[in-house]
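Source file: input_21.csv (CSV, C-alpha atoms)
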chain,number,residue,atom,x,y,z
A,194,MET,CA,188.1,99.0,40.6
A,195,LYS,CA,186.2,96.7,42.9
A,196,PRO,CA,182.4,97.3,42.9
A,197,LYS,CA,181.1,98.9,46.0
A,198,ARG,CA,179.4,96.2,48.1
A,199,GLN,CA,175.8,96.9,49.0
A,200,GLY,CA,174.6,96.3,52.6
A,201,ARG,CA,178.1,95.5,53.9
A,202,PRO,CA,177.9,95.2,57.7
A,203,PRO,CA,179.3,98.1,59.6
A,204,VAL,CA,182.6,96.9,61.1
A,205,ILE,CA,182.6,96.7,64.9
A,206,GLU,CA,185.5,94.7,66.5
A,207,ASN,CA,184.2,91.7,68.5
A,208,ALA,CA,180.8,93.2,67.8
A,209,ARG,CA,178.6,90.5,69.3
A,210,ASP,CA,180.5,90.4,72.6
A,211,ARG,CA,180.8,94.2,72.9
A,212,ILE,CA,177.1,94.7,72.2
A,213,LEU,CA,176.2,92.1,74.9
A,214,ASP,CA,178.7,93.6,77.4
A,215,ASP,CA,177.5,97.2,77.0
A,216,ALA,CA,173.8,96.1,76.9
A,217,ALA,CA,174.2,94.0,80.1
A,218,HIS,CA,175.8,97.0,81.8
A,219,LEU,CA,172.9,99.3,80.7
A,220,PHE,CA,170.2,96.8,81.7
A,221,ALA,CA,171.9,96.3,85.1
A,222,ARG,CA,172.0,100.1,85.7
A,223,GLU,CA,168.9,101.4,84.0
A,224,GLY,CA,166.7,98.3,83.9
A,225,TYR,CA,165.5,96.5,80.8
A,226,GLU,CA,162.5,98.8,80.3
A,227,GLY,CA,164.7,101.8,80.9
A,228,THR,CA,167.2,100.9,78.1
A,229,SER,CA,166.5,101.4,74.4
A,230,LEU,CA,168.3,99.9,71.5
A,231,GLY,CA,169.5,103.4,70.7
A,232,ASP,CA,171.1,103.6,74.2
A,233,VAL,CA,173.0,100.4,73.4
A,234,ALA,CA,174.2,101.8,70.1
A,235,ASP,CA,175.3,105.0,71.8
A,236,ALA,CA,177.2,103.1,74.4
A,237,ILE,CA,179.4,101.3,71.9
A,238,GLY,CA,179.5,104.3,69.5
A,239,ALA,CA,177.6,102.6,66.7
A,240,THR,CA,174.4,103.3,64.8
A,241,LYS,CA,171.2,101.5,65.6
A,242,ALA,CA,171.5,100.0,62.1
A,243,ALA,CA,174.8,98.5,63.1
A,244,ILE,CA,173.2,96.8,66.1
A,245,TYR,CA,170.3,95.5,64.0
A,246,HIS,CA,172.9,93.8,61.8
A,247,TYR,CA,173.7,91.5,64.8
A,248,PHE,CA,170.5,91.4,66.7
A,249,PRO,CA,166.9,91.8,65.5
A,250,ASN,CA,165.7,93.5,68.7
A,251,LYS,CA,166.4,94.4,72.3
A,252,LYS,CA,164.8,91.2,73.6
A,253,ASP,CA,167.1,89.1,71.6
A,254,ILE,CA,170.1,91.0,73.0
A,255,TYR,CA,168.8,90.3,76.5
A,256,GLU,CA,168.3,86.6,75.9
A,257,ALA,CA,171.7,86.3,74.2
A,258,ILE,CA,173.2,87.8,77.4
A,259,ILE,CA,171.4,85.2,79.5
A,260,VAL,CA,172.6,82.3,77.3
A,261,ARG,CA,176.2,83.6,77.1
A,262,THR,CA,176.3,84.0,80.9
A,263,LEU,CA,175.1,80.4,81.5
A,264,GLU,CA,177.7,79.2,79.0
A,265,GLY,CA,180.5,81.1,80.7
A,266,LEU,CA,179.3,79.9,84.2
A,267,LEU,CA,179.2,76.3,83.1
A,268,ARG,CA,182.7,76.5,81.4
A,269,SER,CA,184.3,78.4,84.3
A,270,VAL,CA,182.9,76.1,87.0
A,271,SER,CA,183.7,72.9,85.1
A,272,ALA,CA,187.3,74.0,84.7
A,273,ALA,CA,187.6,74.7,88.4
A,274,THR,CA,186.1,71.4,89.5
A,275,ALA,CA,188.0,69.3,87.0
A,276,GLN,CA,191.2,69.9,88.9
A,277,ALA,CA,189.8,69.1,92.3
A,278,ALA,CA,190.9,66.0,94.2
A,279,GLY,CA,187.8,64.7,96.1
A,280,PRO,CA,184.1,65.5,96.6
A,281,GLU,CA,184.7,68.0,99.4
A,282,GLU,CA,187.3,70.0,97.3
A,283,LYS,CA,185.0,69.6,94.3
A,284,LEU,CA,182.1,71.1,96.1
A,285,ALA,CA,184.2,74.0,97.5
A,286,ARG,CA,185.6,74.7,94.0
A,287,PHE,CA,182.1,74.6,92.5
A,288,MET,CA,180.9,77.1,95.0
A,289,THR,CA,183.8,79.5,94.9
A,290,ALA,CA,184.1,79.4,91.1
A,291,HIS,CA,180.4,80.1,90.9
A,292,ALA,CA,180.9,83.1,93.2
A,293,ASP,CA,183.9,84.3,91.3
A,294,PHE,CA,182.1,84.1,88.0
A,295,PHE,CA,179.1,85.9,89.5
A,296,GLU,CA,181.4,88.7,90.8
A,297,ASN,CA,183.3,89.0,87.5
A,298,ASN,CA,180.2,89.0,85.3
A,299,TYR,CA,177.9,90.8,87.6
A,300,ASP,CA,175.8,92.6,85.0
A,301,GLY,CA,175.2,89.4,82.9
A,302,PHE,CA,174.5,87.4,86.0
A,303,LEU,CA,171.8,90.0,87.0
A,304,ALA,CA,170.2,89.7,83.6
A,305,MET,CA,170.3,85.9,83.8
A,306,LEU,CA,168.7,85.7,87.2
A,307,VAL,CA,166.1,88.4,86.5
A,308,GLY,CA,165.3,87.5,82.9
A,309,TYR,CA,165.5,83.7,82.8
A,310,GLY,CA,161.8,83.1,83.6
A,311,GLY,CA,160.6,85.7,81.0
A,312,MET,CA,162.5,84.4,77.9
A,313,GLN,CA,160.4,84.2,74.7
A,314,ASN,CA,162.6,82.9,71.9
A,315,VAL,CA,162.1,79.2,71.9
A,316,VAL,CA,165.5,78.4,70.6
A,317,MET,CA,167.2,80.5,73.3
A,318,ILE,CA,164.9,79.0,76.0
A,319,ALA,CA,165.9,75.5,74.9
A,320,GLU,CA,169.6,76.4,75.0
A,321,ALA,CA,169.3,78.2,78.4
A,322,GLN,CA,167.4,75.2,79.8
A,323,ARG,CA,170.0,72.8,78.5
A,324,LEU,CA,172.9,74.8,80.0
A,325,ARG,CA,171.0,75.1,83.4
A,326,ASP,CA,170.3,71.4,83.4
A,327,SER,CA,174.0,70.6,82.7
A,328,TYR,CA,175.0,72.9,85.5
A,329,GLU,CA,172.6,71.5,88.1
A,330,HIS,CA,173.5,68.0,87.0
A,331,ALA,CA,177.2,68.7,87.5
A,332,LEU,CA,176.5,69.8,91.1
A,333,ARG,CA,174.3,66.8,91.9
A,334,GLN,CA,177.0,64.5,90.5
A,335,ILE,CA,179.6,65.9,92.9
A,336,ILE,CA,177.2,65.2,95.8
A,337,THR,CA,176.3,61.8,94.5
A,338,ASP,CA,179.9,60.9,94.0
A,339,GLY,CA,180.6,62.0,97.6
A,340,ILE,CA,177.9,59.8,98.9
A,341,VAL,CA,179.1,56.8,96.9
A,342,GLN,CA,182.6,57.3,98.1
A,343,GLY,CA,181.4,57.5,101.7
A,344,VAL,CA,182.7,61.1,102.1
A,345,PHE,CA,179.2,62.5,102.4
A,346,ARG,CA,176.2,61.3,104.4
A,347,GLN,CA,173.2,59.7,102.6
A,348,VAL,CA,171.7,63.2,101.9
A,349,ASP,CA,169.2,63.9,99.2
A,350,ALA,CA,171.4,65.1,96.3
A,351,LYS,CA,168.5,67.1,94.8
A,352,VAL,CA,167.7,69.0,98.1
A,353,THR,CA,171.4,69.6,98.8
A,354,SER,CA,172.0,70.9,95.3
A,355,ARG,CA,169.0,73.2,95.5
A,356,ALA,CA,170.2,74.5,99.0
A,357,VAL,CA,173.7,75.2,97.6
A,358,LEU,CA,172.3,77.1,94.5
A,359,SER,CA,169.9,79.0,96.7
A,360,MET,CA,172.7,80.3,98.9
A,361,LEU,CA,174.8,81.2,95.8
A,362,ASN,CA,172.1,82.8,93.8
A,363,TRP,CA,170.6,84.8,96.6
A,364,MET,CA,174.0,86.6,96.8
A,365,VAL,CA,172.7,88.8,93.9
A,366,ARG,CA,170.3,90.3,96.5
A,367,TRP,CA,173.0,91.5,99.0
A,368,PHE,CA,176.5,91.2,97.5
A,369,LYS,CA,177.9,94.1,95.5
A,370,PRO,CA,181.2,93.7,93.7
A,371,GLY,CA,184.1,96.0,94.4
A,372,LYS,CA,183.8,96.0,98.2
A,373,ASP,CA,186.3,94.6,100.6
A,374,ARG,CA,185.5,91.0,100.5
A,375,ARG,CA,185.4,88.7,97.5
A,376,ALA,CA,182.2,86.8,96.7
A,377,ALA,CA,184.2,83.6,96.8
A,378,SER,CA,185.1,84.0,100.4
A,379,PHE,CA,181.4,84.1,101.3
A,380,ALA,CA,180.9,81.0,99.2
A,381,GLN,CA,183.7,79.2,101.0
A,382,GLU,CA,181.9,80.0,104.3
A,383,TYR,CA,178.7,78.6,103.0
A,384,CYS,CA,180.5,75.5,101.8
A,385,ASP,CA,182.1,74.9,105.3
A,386,LEU,CA,178.7,75.3,106.8
A,387,MET,CA,177.1,72.9,104.4
A,388,LEU,CA,179.8,70.3,104.9
A,389,GLY,CA,179.9,70.5,108.7
A,390,GLY,CA,176.3,71.4,109.6
A,391,ILE,CA,175.5,73.2,112.8
A,392,ARG,CA,174.5,70.5,115.1
A,393,ASN,CA,177.2,69.8,117.8
B,61,MET,CA,116.7,116.6,109.4
B,62,LYS,CA,120.4,116.0,109.7
B,63,PRO,CA,122.6,117.9,107.3
B,64,LYS,CA,124.1,115.9,104.5
B,65,ARG,CA,127.8,115.4,105.2
B,66,GLN,CA,130.2,116.6,102.6
B,67,GLY,CA,133.2,114.5,101.6
B,68,ARG,CA,132.2,111.5,103.6
B,69,PRO,CA,134.5,108.5,102.8
B,70,PRO,CA,132.9,105.8,100.6
B,71,VAL,CA,132.3,102.9,102.8
B,72,ILE,CA,134.4,99.8,102.0
B,73,GLU,CA,134.5,97.0,104.7
B,74,ASN,CA,138.0,96.4,105.9
B,75,ALA,CA,139.0,98.7,103.2
B,76,ARG,CA,142.8,98.9,103.8
B,77,ASP,CA,143.3,95.2,103.9
B,78,ARG,CA,141.0,94.5,100.9
B,79,ILE,CA,142.8,97.1,98.8
B,80,LEU,CA,146.2,95.6,99.8
B,81,ASP,CA,145.0,92.0,99.1
B,82,ASP,CA,143.6,92.8,95.7
B,83,ALA,CA,146.5,95.0,94.7
B,84,ALA,CA,149.0,92.4,95.8
B,85,HIS,CA,147.2,89.9,93.7
B,86,LEU,CA,147.2,92.2,90.6
B,87,PHE,CA,150.9,93.1,91.1
B,88,ALA,CA,151.8,89.4,91.3
B,89,ARG,CA,149.8,88.5,88.2
B,90,GLU,CA,150.3,91.6,86.0
B,91,GLY,CA,153.4,93.2,87.5
B,92,TYR,CA,153.6,96.5,89.2
B,93,GLU,CA,153.9,98.5,85.9
B,94,GLY,CA,151.1,96.5,84.4
B,95,THR,CA,148.6,97.4,87.1
B,96,SER,CA,146.9,100.8,87.4
B,97,LEU,CA,145.1,102.3,90.4
B,98,GLY,CA,142.0,102.0,88.3
B,99,ASP,CA,142.6,98.2,88.0
B,100,VAL,CA,142.8,98.0,91.8
B,101,ALA,CA,139.6,99.9,92.1
B,102,ASP,CA,137.8,97.7,89.6
B,103,ALA,CA,139.1,94.6,91.5
B,104,ILE,CA,137.4,95.6,94.7
B,105,GLY,CA,134.4,97.1,93.0
B,106,ALA,CA,135.1,100.6,94.1
B,107,THR,CA,135.9,103.9,92.5
B,108,LYS,CA,139.4,105.4,92.1
B,109,ALA,CA,138.2,108.2,94.4
B,110,ALA,CA,137.5,105.6,97.1
B,111,ILE,CA,141.0,104.1,96.8
B,112,TYR,CA,142.5,107.6,97.0
B,113,HIS,CA,140.7,108.0,100.3
B,114,TYR,CA,143.0,105.4,101.7
B,115,PHE,CA,146.2,105.6,99.7
B,116,PRO,CA,147.6,108.7,97.8
B,117,ASN,CA,149.0,106.6,95.0
B,118,LYS,CA,149.9,103.2,93.6
B,119,LYS,CA,153.5,103.3,95.0
B,120,ASP,CA,152.1,103.8,98.5
B,121,ILE,CA,149.9,100.8,98.1
B,122,TYR,CA,152.9,98.7,97.0
B,123,GLU,CA,155.0,99.8,100.0
B,124,ALA,CA,152.1,99.2,102.4
B,125,ILE,CA,151.9,95.6,101.1
B,126,ILE,CA,155.6,95.2,101.8
B,127,VAL,CA,155.4,96.5,105.3
B,128,ARG,CA,152.2,94.5,106.1
B,129,THR,CA,153.9,91.3,104.8
B,130,LEU,CA,156.9,91.9,106.9
B,131,GLU,CA,154.7,92.5,110.0
B,132,GLY,CA,152.7,89.4,109.3
B,133,LEU,CA,155.9,87.3,108.8
B,134,LEU,CA,157.5,88.5,112.0
B,135,ARG,CA,154.3,87.9,114.0
B,136,SER,CA,153.7,84.5,112.5
B,137,VAL,CA,157.2,83.2,112.9
B,138,SER,CA,157.5,84.7,116.5
B,139,ALA,CA,154.4,82.9,117.5
B,140,ALA,CA,155.7,79.6,116.1
B,141,THR,CA,159.1,79.8,117.7
B,142,ALA,CA,157.8,80.9,121.1
B,143,GLN,CA,156.3,77.5,121.8
B,144,ALA,CA,159.4,75.6,120.7
B,145,ALA,CA,161.5,73.7,123.3
B,146,GLY,CA,165.2,74.0,122.3
B,147,PRO,CA,167.3,75.6,119.6
B,148,GLU,CA,166.9,72.8,117.2
B,149,GLU,CA,163.1,72.8,117.4
B,150,LYS,CA,163.2,76.7,117.4
B,151,LEU,CA,165.2,76.7,114.1
B,152,ALA,CA,162.9,74.1,112.5
B,153,ARG,CA,159.8,76.1,113.6
B,154,PHE,CA,161.3,79.4,112.3
B,155,MET,CA,162.0,77.8,108.9
B,156,THR,CA,158.7,76.0,108.5
B,157,ALA,CA,156.6,79.0,109.8
B,158,HIS,CA,158.5,81.2,107.3
B,159,ALA,CA,157.6,78.8,104.5
B,160,ASP,CA,154.0,78.5,105.6
B,161,PHE,CA,153.6,82.3,105.7
B,162,PHE,CA,155.3,82.6,102.3
B,163,GLU,CA,152.9,80.0,100.9
B,164,ASN,CA,149.8,81.5,102.5
B,165,ASN,CA,150.7,85.1,101.6
B,166,TYR,CA,152.4,84.4,98.2
B,167,ASP,CA,151.3,87.6,96.5
B,168,GLY,CA,152.4,89.9,99.3
B,169,PHE,CA,155.7,88.0,99.7
B,170,LEU,CA,156.4,88.4,96.0
B,171,ALA,CA,155.9,92.2,96.3
B,172,MET,CA,158.1,92.2,99.4
B,173,LEU,CA,161.0,90.4,97.8
B,174,VAL,CA,160.8,92.2,94.5
B,175,GLY,CA,160.0,95.7,95.8
B,176,TYR,CA,161.9,96.0,99.0
B,177,GLY,CA,165.0,97.5,97.4
B,178,GLY,CA,163.0,100.1,95.4
B,179,MET,CA,161.0,101.6,98.2
B,180,GLN,CA,160.8,105.4,98.2
B,181,ASN,CA,158.7,106.6,101.2
B,182,VAL,CA,161.2,107.2,104.0
B,183,VAL,CA,158.7,106.4,106.7
B,184,MET,CA,157.8,103.1,105.1
B,185,ILE,CA,161.5,102.3,104.4
B,186,ALA,CA,162.4,102.9,108.1
B,187,GLU,CA,159.5,100.7,109.2
B,188,ALA,CA,160.4,97.9,106.7
B,189,GLN,CA,164.0,98.1,107.8
B,190,ARG,CA,163.1,97.8,111.5
B,191,LEU,CA,160.9,94.8,110.8
B,192,ARG,CA,163.6,93.1,108.7
B,193,ASP,CA,166.2,93.8,111.4
B,194,SER,CA,163.9,92.3,114.1
B,195,TYR,CA,163.3,89.3,111.9
B,196,GLU,CA,167.0,88.6,111.2
B,197,HIS,CA,167.9,89.3,114.8
B,198,ALA,CA,165.4,86.7,116.0
B,199,LEU,CA,167.0,84.1,113.7
B,200,ARG,CA,170.5,85.0,114.8
B,201,GLN,CA,169.4,84.8,118.5
B,202,ILE,CA,168.2,81.2,118.0
B,203,ILE,CA,171.6,80.2,116.6
B,204,THR,CA,173.5,82.1,119.3
B,205,ASP,CA,171.4,80.5,122.0
B,206,GLY,CA,172.1,77.1,120.4
B,207,ILE,CA,175.8,77.8,120.5
B,208,VAL,CA,175.7,79.0,124.1
B,209,GLN,CA,173.7,75.9,125.2
B,210,GLY,CA,176.2,73.7,123.4
B,211,VAL,CA,173.5,72.3,121.0
B,212,PHE,CA,175.1,74.0,118.0
B,213,ARG,CA,178.8,74.1,117.0
B,214,GLN,CA,180.7,77.4,117.2
B,215,VAL,CA,179.4,78.5,113.8
B,216,ASP,CA,179.2,82.1,112.7
B,217,ALA,CA,175.6,83.2,113.5
B,218,LYS,CA,175.6,85.8,110.8
B,219,VAL,CA,176.7,83.5,108.0
B,220,THR,CA,174.4,80.7,109.2
B,221,SER,CA,171.5,83.1,109.4
B,222,ARG,CA,172.1,84.4,105.9
B,223,ALA,CA,172.4,80.9,104.6
B,224,VAL,CA,169.0,80.0,106.1
B,225,LEU,CA,167.3,83.0,104.8
B,226,SER,CA,168.8,82.5,101.3
B,227,MET,CA,167.4,79.0,101.1
B,228,LEU,CA,164.0,80.2,102.3
B,229,ASN,CA,163.8,83.3,100.2
B,230,TRP,CA,165.1,81.7,97.0
B,231,MET,CA,161.9,79.5,97.2
B,232,VAL,CA,160.1,82.4,95.5
B,233,ARG,CA,162.0,81.4,92.4
B,234,TRP,CA,160.9,77.8,92.1
B,235,PHE,CA,158.1,77.1,94.5
B,236,LYS,CA,154.5,77.6,93.4
B,237,PRO,CA,151.7,77.3,95.9
B,238,GLY,CA,148.8,74.9,95.3
B,239,LYS,CA,150.9,72.0,94.1
B,240,ASP,CA,151.3,68.6,95.8
B,241,ARG,CA,153.9,69.6,98.4
B,242,ARG,CA,153.7,72.3,101.1
B,243,ALA,CA,156.5,74.8,101.2
B,244,ALA,CA,157.1,73.9,104.9
B,245,SER,CA,158.1,70.4,104.0
B,246,PHE,CA,160.9,71.7,101.8
B,247,ALA,CA,161.9,74.1,104.6
B,248,GLN,CA,162.1,71.1,107.0
B,249,GLU,CA,164.4,69.3,104.6
B,250,TYR,CA,166.7,72.4,104.4
B,251,CYS,CA,166.6,72.6,108.2
B,252,ASP,CA,167.7,68.9,108.6
B,253,LEU,CA,170.5,69.5,106.0
B,254,MET,CA,171.7,72.6,107.9
B,255,LEU,CA,171.6,70.9,111.2
B,256,GLY,CA,173.4,67.7,110.2
B,257,GLY,CA,175.7,69.0,107.4
B,258,ILE,CA,176.7,66.7,104.6
B,259,ARG,CA,180.1,65.5,105.7
B,260,ASN,CA,180.1,61.9,106.8
Would you give me this structure, written as structure tokens?
Amino acid sequence: MKPKRQGRPPVIENARDRILDDAAHLFAREGYEGTSLGDVADAIGATKAAIYHYFPNKKDIYEAIIVRTLEGLLRSVSAATAQAAGPEEKLARFMTAHADFFENNYDGFLAMLVGYGGMQNVVMIAEAQRLRDSYEHALRQIITDGIVQGVFRQVDAKVTSRAVLSMLNWMVRWFKPGKDRRAASFAQEYCDLMLGGIRN
Amino acid sequence: MKPKRQGRPPVIENARDRILDDAAHLFAREGYEGTSLGDVADAIGATKAAIYHYFPNKKDIYEAIIVRTLEGLLRSVSAATAQAAGPEEKLARFMTAHADFFENNYDGFLAMLVGYGGMQNVVMIAEAQRLRDSYEHALRQIITDGIVQGVFRQVDAKVTSRAVLSMLNWMVRWFKPGKDRRAASFAQEYCDLMLGGIRN
């Protein structure tokens, strides 16, 4: 007879991801302050002890959501732009893929935008910063490439990149998923506007 | 001898504005949850009873800050655009005046952007909504006028207006007052970008 193992982790399938999903949903609906670690445990039908096996505290869950969201965003947008032909299509794909990811990962995105500035775990902060830098760099590169290829005017890539991300990120303030229009169709409108400008 | 008046309000010069200024500063620095009505009283050197004479509770102070900020923004931007010659200059003035007001009323602006969605007092909500509608309408009018006059392309005024406000409002996430550059100079860059577009 095998000896009974002490302290064996409670088995939860895909535990980490499920905890982060359910916690993100609770944080989005009830707020970070309004959600306890017990609420997270209840949501996935586990004990608090089971949650503690994966995350030391609520703050670490929150910061793991932020980092996972940034990872997913970078991966998703990179895949979309990789297939694009030229700078104009690359910019359009960047913007629509960002909007799609935002819409499909709304809860995590909310945590990321609200919580980024208040992160405390230095390792997570460094990781989040690295991902955000990569993301912003990818966008600036699209604009710089467009300028070099003569497709775009000699605009300031940093200003342009910040303008694009402002439009996309501000969507969190007025766009709600599950309505008639997809976020990506708004992003495409912004892209057309950015490309063409408004001057006649 | 005159009878001593009962319940005479404690005298605070420009009381309402001072309470709102100091409260906005505390909310910006300590957060809404982290600030008590007693903290507000301490900040202006008054008693809690004196504060209660002007506002029934902390939430009402917060919502009064939001409404006052929207009033100030509308007044300030209207004055700036009134003197402008054509649609291009009007748009530039709208954007730079918005940025100036944001920079000069940073604490109140923060409360307005963070707290707008969570307002509870129906009278204040209606007033805030009315001010925001007027503000957005003024911007759309500038764009529509520009289209009618043939200065602007046949863009969608609603999309364009939302793009402009997204860029301006997102500044709250990265711009800090008191550094080298004024907020208005970033707004001018955004305006130039919007006017000219990036396509060559």
**Prompt:** Which polymer residues, protein or nucleic acid, are no farther than 10 Å from (175.7, 99.1, 68.9), counting all atoms listed in the file, as a list of chain:residue names?
**Reply:** A:Ile205, A:Ala208, A:Arg209, A:Arg211, A:Ile212, A:Leu213, A:Asp215, A:Ala216, A:Leu230, A:Gly231, A:Asp232, A:Val233, A:Ala234, A:Asp235, A:Ala236, A:Ile237, A:Gly238, A:Ala239, A:Thr240, A:Lys241, A:Ala242, A:Ala243, A:Ile244, A:Tyr245, A:His246, A:Tyr247, A:Phe248
query = Could you write out as JSON, numbers by chain the residues of chain B within 10 Å of chain A, counting all atoms listed in the file?
reply = {"B": [147, 148, 173, 174, 177, 203, 206, 207, 210, 211, 212, 213, 214, 215, 216, 219, 220, 222, 223, 224, 225, 226, 227, 228, 229, 230, 231, 233, 234, 246, 249, 250, 251, 252, 253, 254, 255, 256, 257, 258, 259, 260]}
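Put simply, atom CA of A:Glu296 is 12.5 Å away from atom CA of A:Ser269.
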re atom CA of A:Ala304 and atom CA of A:Ile318: distance 14.2 Å
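For the residues B:Asn74, B:Ser245, B:Thr156, B:Gln209, ranking by smallest atom-to-atom distance to B:Val137 using all atoms listed in the file places B:Thr156 first.
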Closest of A:Glu226, A:Glu329, A:Glu320, A:Asp300 to A:Val365, counting all atoms listed in the file, is A:Asp300
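Every protein or nucleic acid residue with an atom no more than 9 Å from A:Ala217, counting only C-alpha atoms and leaving out same-chain residues fewer than 6 positions away, appears here: Ile254, Tyr255, Ile258, Tyr299, Asp300, Gly301, Phe302, Leu303 and Ala304 of chain A.
One distance worth recording is that between atom CA of B:Leu86 and atom CA of A:Glu223, which is 24.5 Å.
Residue nearest A:Gln322 within the list A:Ala292, A:Met305, A:Ile335, A:Ala275: A:Met305 [criterion: smallest interatomic distance, all atoms listed in the file].
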Would you kindly return, as a short mmCIF file (atom, residue, chain, number, x, y, z; two decimals) with C-alpha atoms, in the frame of the given file, each protein, DNA or RNA residue with an atom no farther than 12 Å from any atom of B:Ala198, considering only C-alpha atoms and excluding same-chain residues fewer than 3 positions away?
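around_12.cif, freshly written:
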data_model
loop_
_atom_site.label_atom_id
_atom_site.label_comp_id
_atom_site.auth_asym_id
_atom_site.auth_seq_id
_atom_site.Cartn_x
_atom_site.Cartn_y
_atom_site.Cartn_z
CA LEU B 133 155.90 87.30 108.80
CA LEU B 134 157.50 88.50 112.00
CA ARG B 135 154.30 87.90 114.00
CA VAL B 137 157.20 83.20 112.90
CA SER B 138 157.50 84.70 116.50
CA ALA B 139 154.40 82.90 117.50
CA THR B 141 159.10 79.80 117.70
CA ALA B 142 157.80 80.90 121.10
CA PRO B 147 167.30 75.60 119.60
CA LYS B 150 163.20 76.70 117.40
CA LEU B 151 165.20 76.70 114.10
CA PHE B 154 161.30 79.40 112.30
CA MET B 155 162.00 77.80 108.90
CA LEU B 191 160.90 94.80 110.80
CA ARG B 192 163.60 93.10 108.70
CA ASP B 193 166.20 93.80 111.40
CA SER B 194 163.90 92.30 114.10
CA TYR B 195 163.30 89.30 111.90
CA GLN B 201 169.40 84.80 118.50
CA ILE B 202 168.20 81.20 118.00
CA ILE B 203 171.60 80.20 116.60
CA THR B 204 173.50 82.10 119.30
CA ASP B 205 171.40 80.50 122.00
CA ALA B 217 175.60 83.20 113.50
CA LYS B 218 175.60 85.80 110.80
CA SER B 221 171.50 83.10 109.40
CA LEU B 225 167.30 83.00 104.80
#
Some atoms are missing, so please complete stretch 283-296 of chain A with N, CA and C atoms and return it as a short mmCIF file (atom, residue, chain, number, x, y, z; two decimals), in the frame of the given file.
data_model
loop_
_atom_site.label_atom_id
_atom_site.label_comp_id
_atom_site.auth_asym_id
_atom_site.auth_seq_id
_atom_site.Cartn_x
_atom_site.Cartn_y
_atom_site.Cartn_z
N LYS A 283 185.87 69.35 95.44
CA LYS A 283 185.00 69.60 94.30
C LYS A 283 183.89 70.56 94.60
N LEU A 284 183.22 70.28 95.72
CA LEU A 284 182.10 71.10 96.10
C LEU A 284 182.56 72.55 96.43
N ALA A 285 183.69 72.63 97.14
CA ALA A 285 184.20 74.00 97.50
C ALA A 285 184.59 74.73 96.21
N ARG A 286 185.22 74.02 95.24
CA ARG A 286 185.60 74.70 94.00
C ARG A 286 184.38 75.11 93.18
N PHE A 287 183.37 74.24 93.19
CA PHE A 287 182.10 74.60 92.50
C PHE A 287 181.57 75.88 93.04
N MET A 288 181.49 75.95 94.36
CA MET A 288 180.90 77.10 95.00
C MET A 288 181.70 78.38 94.85
N THR A 289 183.01 78.27 95.02
CA THR A 289 183.80 79.50 94.90
C THR A 289 183.97 79.92 93.45
N ALA A 290 184.03 78.97 92.52
CA ALA A 290 184.10 79.40 91.10
C ALA A 290 182.82 80.02 90.65
N HIS A 291 181.69 79.51 91.16
CA HIS A 291 180.40 80.10 90.90
C HIS A 291 180.41 81.59 91.36
N ALA A 292 180.86 81.78 92.59
CA ALA A 292 180.90 83.10 93.20
C ALA A 292 181.84 84.04 92.44
N ASP A 293 182.99 83.52 92.04
CA ASP A 293 183.90 84.30 91.30
C ASP A 293 183.33 84.75 89.93
N PHE A 294 182.70 83.79 89.26
CA PHE A 294 182.10 84.10 88.00
C PHE A 294 180.99 85.16 88.15
N PHE A 295 180.20 84.98 89.17
CA PHE A 295 179.10 85.90 89.50
C PHE A 295 179.71 87.34 89.70
N GLU A 296 180.78 87.40 90.49
CA GLU A 296 181.40 88.70 90.80
C GLU A 296 182.00 89.35 89.54
#
